[in-house]
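Okay, so here's the structure we're looking at.
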Amino acid sequence: MKKSMKSNILIVIAIIFSFSIISSCGDKRAGEQAAMEDSGHATDAEIKLTDEQINAIGIELGTISYRNLKTALKVNGRLELPPQNRARVSVLIGGIVKEIPVMEGQFVNKGQVMAILENGEFLQAQQDYLENKSSLEFLKTEFERQTELQKDNINSAKTLQQAKSNYNTSVAKNSLLGERLKLFGIKPETISPENVKSSFAISAPIAGYIKHINLFIGKFAEPNVPQFEIVDNRFLHIDLTIYEQDVAKVHEGQKLTFSIINDPHSTHTATIFSINKAFEDNSQAVIAHAKINDVDDNLLPGMFVEARLQVDSYKAMSLPDAAIVNNGDEHFIYVEHEKNSFRQVQIKTGTSDMGFTEVTPTEKITEENRVVISGAYYLLSQLTKGEGEHHD
């Protein structure tokens with residue numbers, strides 16, 4: 001009887017001890033879950049943040065896009081301007097700089113005044129032209145008078161010939177003096193005794209942006225030295241290097257996308273309009289020229305670009321590289337479930353190009369879904385942090 005009572009007491013103690021252990025484990029797991037929720041309200045596949053956390057982390061949202069990543073021909077190139085859309089402006093006759101009404105970076109129209117110069121030779125050129133013009137009028141009248149007299153045999157043929165020679169000489173001199181005025185940028189027909197000028201202008205030969213000014217007030221503008229440089233970036237195009245093995249894949253009218261090498265996430269479109277018919281020196285490659293469809297202010301001559309020529313029309317679902325995170329061999333993205341709430345979605349990745357990667361989600365994602373494209377690694381760390389504590 002005593003043995004039986006002792007055995008029963010031991011069983012009761014064992015049961016009570018077991019319940020205590022179970023209760024303790026339950027409390028510990030509840031504490032871990034509460035701590036995880038306090039640090040960002042994370043669940044197994046979803047995390048909710050506050051507005052303050054969103055701003056502090058710098059989370060940005062984007063959408064799925066379809067890009068030609070697999071079937072595009074990758075080529076390199078450089079932004080160039082046609083020769084008729086860039087100019088170095090100099091003067092044939094120098095002068096002291098009196099005024100510079102423009103500045104570097106400013107857009108100027110063709111014919112717009114960029115500098116005012118003074119030179120004594122300009123005054124002399126106007127005087128010579130006006131004196132000869134006056135003499136020409138007299139010699140023309142005299143030649144016409146001698147011609148009429150010759151008809152009535154009143155004067156000699158020699159007198160008529162001399163009048164004709166004097167008139168023709170003055171005509172030729174007038175043309176030469178007029179061309180000299182044009183060297184100052186002045187139209188001869190605009191010169192009269194009432195509007196003689198002491199200064200002349202340097203005008204823009206093309207429309208465009210002033211890239212460089214080599215003058216200042218009081219400086220002597222040397223002849224035949226570039227004083228201004230103008231570029232019209234509206235006519236930028238791309239010179240693409242096409243190697244021999246790819247020449248057959250390229251043709252006029254072909255569409256392409258490109259990005260500046262230092263900014264792969266910003267893409268532009270262009271169309272090939274001509275292809276050189278000979279290889280470049282010391283290279284088995286030809287240059288293909290492409291017109292940019294929409295030139296913006298961020299595109300400048302001399303920039304190097306990476307281009308993708310559309311060989312066929314196949315396009316893949318893609319996201320910026322920064323939107324994709326990995327945990328071991330698994331890859332994930334984060335889709336906005338509701339405001340400030342993000343759901344982890346597993347994906348398979350494909351080809352990466354121009355800062356974008358082909359993605360195949362394990363569940364349906366549409367172009368309307370908003371995806372985290374900046375700050376995704378923070379969300380991954382919040383989810384895996386709780387997972388790591390649990391494993392410990």
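Residues are named by chain letter and number: chains run A, B, ... in the order of the structure tokens, numbers start at 1 in each chain, and ligands are numbered from 1 in the order shown.
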
Quiz prompt | Selection near Asn76 (chain A), 7 Å with only C-alpha atoms, sequence-local residues under 2 positions removed, as a list in words | solution =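 Returned residues: Leu240, Thr241, Val305, Glu306 and Ala307 of chain A.
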
Quiz item: If you run DSSP on the backbone, which residues of region 114-359 of chain A are alpha helix (DSSP H), as an NGL selection string?
Solution: :A and (120-151 or 157-182)

Exercise. Tell me which of A:Asn340, A:Ser175, A:Ser165, A:Asn327 sits closest to Glu52 (chain A), counting only C-alpha atoms.
Key: A:Asn340

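CA of Tyr243 (chain A) lies 16.6 Å from CA of Leu256 (chain A).
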
Self-check item: Long-range neighbours of Gln310 (chain A) as a list of chain:residue names, 12 Å cut-off, only C-alpha atoms, 6 positions minimum in chain
Solution: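 So the residues in contact are A:Arg67, A:Asn68, A:Leu69, A:Lys70, A:Thr71, A:Ala72, A:Leu73, A:Lys74, A:Val75, A:Lys249, A:Val250, A:His251, A:Gly253, A:Gln254, A:Lys255, A:Leu256, A:Thr257, A:Phe258, A:Thr269, A:Ala270, A:Thr271, A:Ile272.
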
Produce a file of the selected residues containing C-alpha atoms, as a tab-separated table (two decimals), in the first residue's frame.
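Final output, part-v5.tsv:
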chain	number	residue	atom	x	y	z
A	67	ARG	CA	12.25	44.65	-71.87
A	68	ASN	CA	14.16	43.14	-74.74
A	69	LEU	CA	16.96	41.55	-72.70
A	70	LYS	CA	17.59	38.20	-74.33
A	71	THR	CA	17.43	38.86	-78.05
A	72	ALA	CA	19.16	42.25	-78.32
A	73	LEU	CA	22.56	42.82	-79.89
A	74	LYS	CA	24.79	44.65	-77.41
A	75	VAL	CA	27.06	47.30	-78.96
A	249	LYS	CA	22.30	41.91	-88.13
A	250	VAL	CA	22.23	45.70	-88.49
A	251	HIS	CA	20.19	47.69	-91.03
A	253	GLY	CA	15.52	51.84	-89.81
A	254	GLN	CA	16.41	49.43	-86.98
A	255	LYS	CA	15.22	50.47	-83.52
A	256	LEU	CA	17.46	50.46	-80.46
A	257	THR	CA	17.57	51.46	-76.83
A	258	PHE	CA	20.65	52.91	-75.17
A	269	THR	CA	15.50	55.26	-77.88
A	270	ALA	CA	17.03	55.81	-81.30
A	271	THR	CA	16.79	54.65	-84.92
A	272	ILE	CA	19.66	53.76	-87.27

Self-check item: Best match for closeness to His289 (chain A) among A:Arg78, A:Gly350, A:Asn326, A:Leu61, counting only C-alpha atoms
Solution: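 Distance minimum relative to His289 (chain A) lands on A:Arg78.
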
Quiz item: Tell me, which residues of region 76-283 of chain A carry DSSP strand (DSSP E or B), written as a VMD selection string?
Solution: chain A and resid 76 to 80 86 to 89 91 95 to 99 107 to 108 113 to 118 199 to 203 208 to 213 220 to 221 223 228 to 231 237 to 243 255 to 260 263 to 275

Quiz prompt | Residue nearest Ile64 (chain A) among A:Lys385, A:Lys158, A:Lys364, A:Lys48 (counting only C-alpha atoms) | solution = A:Lys364

Using only C-alpha atoms, which residues sit within 9 Å of region 233-235 of chain A once same-chain residues fewer than 4 positions away are excluded, as a short mmCIF file (atom, residue, chain, number, x, y, z; two decimals) with N, CA, C and O atoms, in the first residue's frame?
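Dumped everything to result_22.cif:
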data_model
loop_
_atom_site.label_atom_id
_atom_site.label_comp_id
_atom_site.auth_asym_id
_atom_site.auth_seq_id
_atom_site.Cartn_x
_atom_site.Cartn_y
_atom_site.Cartn_z
N GLU A 80 27.72 61.87 -80.76
CA GLU A 80 28.46 62.78 -81.63
C GLU A 80 27.52 63.83 -82.22
O GLU A 80 26.31 63.63 -82.27
N LEU A 81 28.11 64.92 -82.68
CA LEU A 81 27.38 65.96 -83.39
C LEU A 81 27.82 65.99 -84.85
O LEU A 81 29.02 65.88 -85.13
N PRO A 82 26.89 66.18 -85.81
CA PRO A 82 27.31 66.38 -87.20
C PRO A 82 28.16 67.64 -87.30
O PRO A 82 27.99 68.58 -86.51
N ASN A 85 26.63 71.11 -87.15
CA ASN A 85 25.94 71.53 -85.93
C ASN A 85 26.90 71.86 -84.78
O ASN A 85 26.52 71.85 -83.62
N ARG A 86 28.15 72.12 -85.14
CA ARG A 86 29.11 72.63 -84.16
C ARG A 86 30.01 73.63 -84.87
O ARG A 86 30.31 73.49 -86.06
N GLY A 208 22.66 77.34 -81.35
CA GLY A 208 23.16 76.32 -80.44
C GLY A 208 23.55 76.91 -79.10
O GLY A 208 23.28 78.08 -78.80
N TYR A 209 24.21 76.09 -78.30
CA TYR A 209 24.65 76.50 -76.97
C TYR A 209 26.12 76.91 -77.01
O TYR A 209 26.94 76.23 -77.64
N LYS A 291 19.82 58.10 -85.08
CA LYS A 291 19.17 59.35 -84.67
C LYS A 291 18.45 59.12 -83.34
O LYS A 291 17.65 58.19 -83.21
N ILE A 292 18.72 59.99 -82.36
CA ILE A 292 18.07 59.89 -81.06
C ILE A 292 16.66 60.45 -81.17
O ILE A 292 16.44 61.55 -81.70
N ASP A 294 14.49 61.41 -78.80
CA ASP A 294 14.14 62.52 -77.90
C ASP A 294 15.39 62.93 -77.13
O ASP A 294 15.75 62.30 -76.14
N VAL A 295 16.06 63.97 -77.59
CA VAL A 295 17.30 64.43 -76.96
C VAL A 295 16.96 65.29 -75.75
O VAL A 295 16.21 66.27 -75.87
N ASP A 296 17.49 64.92 -74.59
CA ASP A 296 17.27 65.77 -73.40
C ASP A 296 18.58 66.43 -72.98
O ASP A 296 19.65 66.15 -73.54
N ASP A 297 18.51 67.29 -71.99
CA ASP A 297 19.66 68.09 -71.59
C ASP A 297 20.77 67.27 -70.94
O ASP A 297 21.89 67.77 -70.76
N LEU A 299 22.08 64.58 -72.18
CA LEU A 299 22.90 63.95 -73.21
C LEU A 299 23.84 64.99 -73.80
O LEU A 299 23.41 66.04 -74.27
N LEU A 300 25.14 64.66 -73.77
CA LEU A 300 26.15 65.62 -74.22
C LEU A 300 27.10 64.95 -75.21
O LEU A 300 27.36 63.73 -75.12
N PRO A 301 27.65 65.72 -76.15
CA PRO A 301 28.60 65.15 -77.10
C PRO A 301 29.80 64.53 -76.38
O PRO A 301 30.29 65.08 -75.40
#

Counting only C-alpha atoms, which residues of region 155-189 of chain A sit at most 10 Å from some atom of region 93-117 of chain A, and what is each one's closest atom pair with its distance in Å to one decimal, listed by chain and rising residue number, as CSV?
residue,atom,partner,partner_atom,distance
A:Arg180,CA,A:Ile93,CA,9.8
A:Leu183,CA,A:Ile93,CA,7.0
A:Phe184,CA,A:Ile93,CA,6.9

The selected residues should be written to file as a PDB file, in the first residue's frame (atoms: N, CA and C atoms).
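Result file is again.pdb:
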ATOM      1  N   ARG A 180      35.696  93.374 -98.544  1.00  0.00           N
ATOM      2  CA  ARG A 180      36.482  93.691 -97.357  1.00  0.00           C
ATOM      3  C   ARG A 180      35.557  94.026 -96.182  1.00  0.00           C
ATOM      4  N   LEU A 183      34.236  91.042 -94.399  1.00  0.00           N
ATOM      5  CA  LEU A 183      35.142  90.426 -93.430  1.00  0.00           C
ATOM      6  C   LEU A 183      34.856  90.911 -92.016  1.00  0.00           C
ATOM      7  N   PHE A 184      34.262  92.107 -91.909  1.00  0.00           N
ATOM      8  CA  PHE A 184      33.869  92.647 -90.607  1.00  0.00           C
ATOM      9  C   PHE A 184      32.436  92.249 -90.246  1.00  0.00           C
TER      10      PHE A 184
END

Quiz item: In terms of the shortest atom-to-atom distance over only C-alpha atoms, which of A:Tyr167, A:Phe332, A:Phe304, A:Phe342 is closest to Pro361 (chain A)?
Solution: A:Phe332

Practice problem: Give me, please, the distance in Å between CA of Asn119 (chain A) and CA of Leu215 (chain A), quoted to one decimal. | Solution: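 CA of Leu215 (chain A) lies at a distance of 15.7 Å from CA of Asn119 (chain A).
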
Quiz item: Out of A:Glu194, A:Asp51, A:Glu222, A:Glu280, which residue has the shortest atom-to-atom distance to Glu244 (chain A) when counting only C-alpha atoms?
Solution: A:Glu280
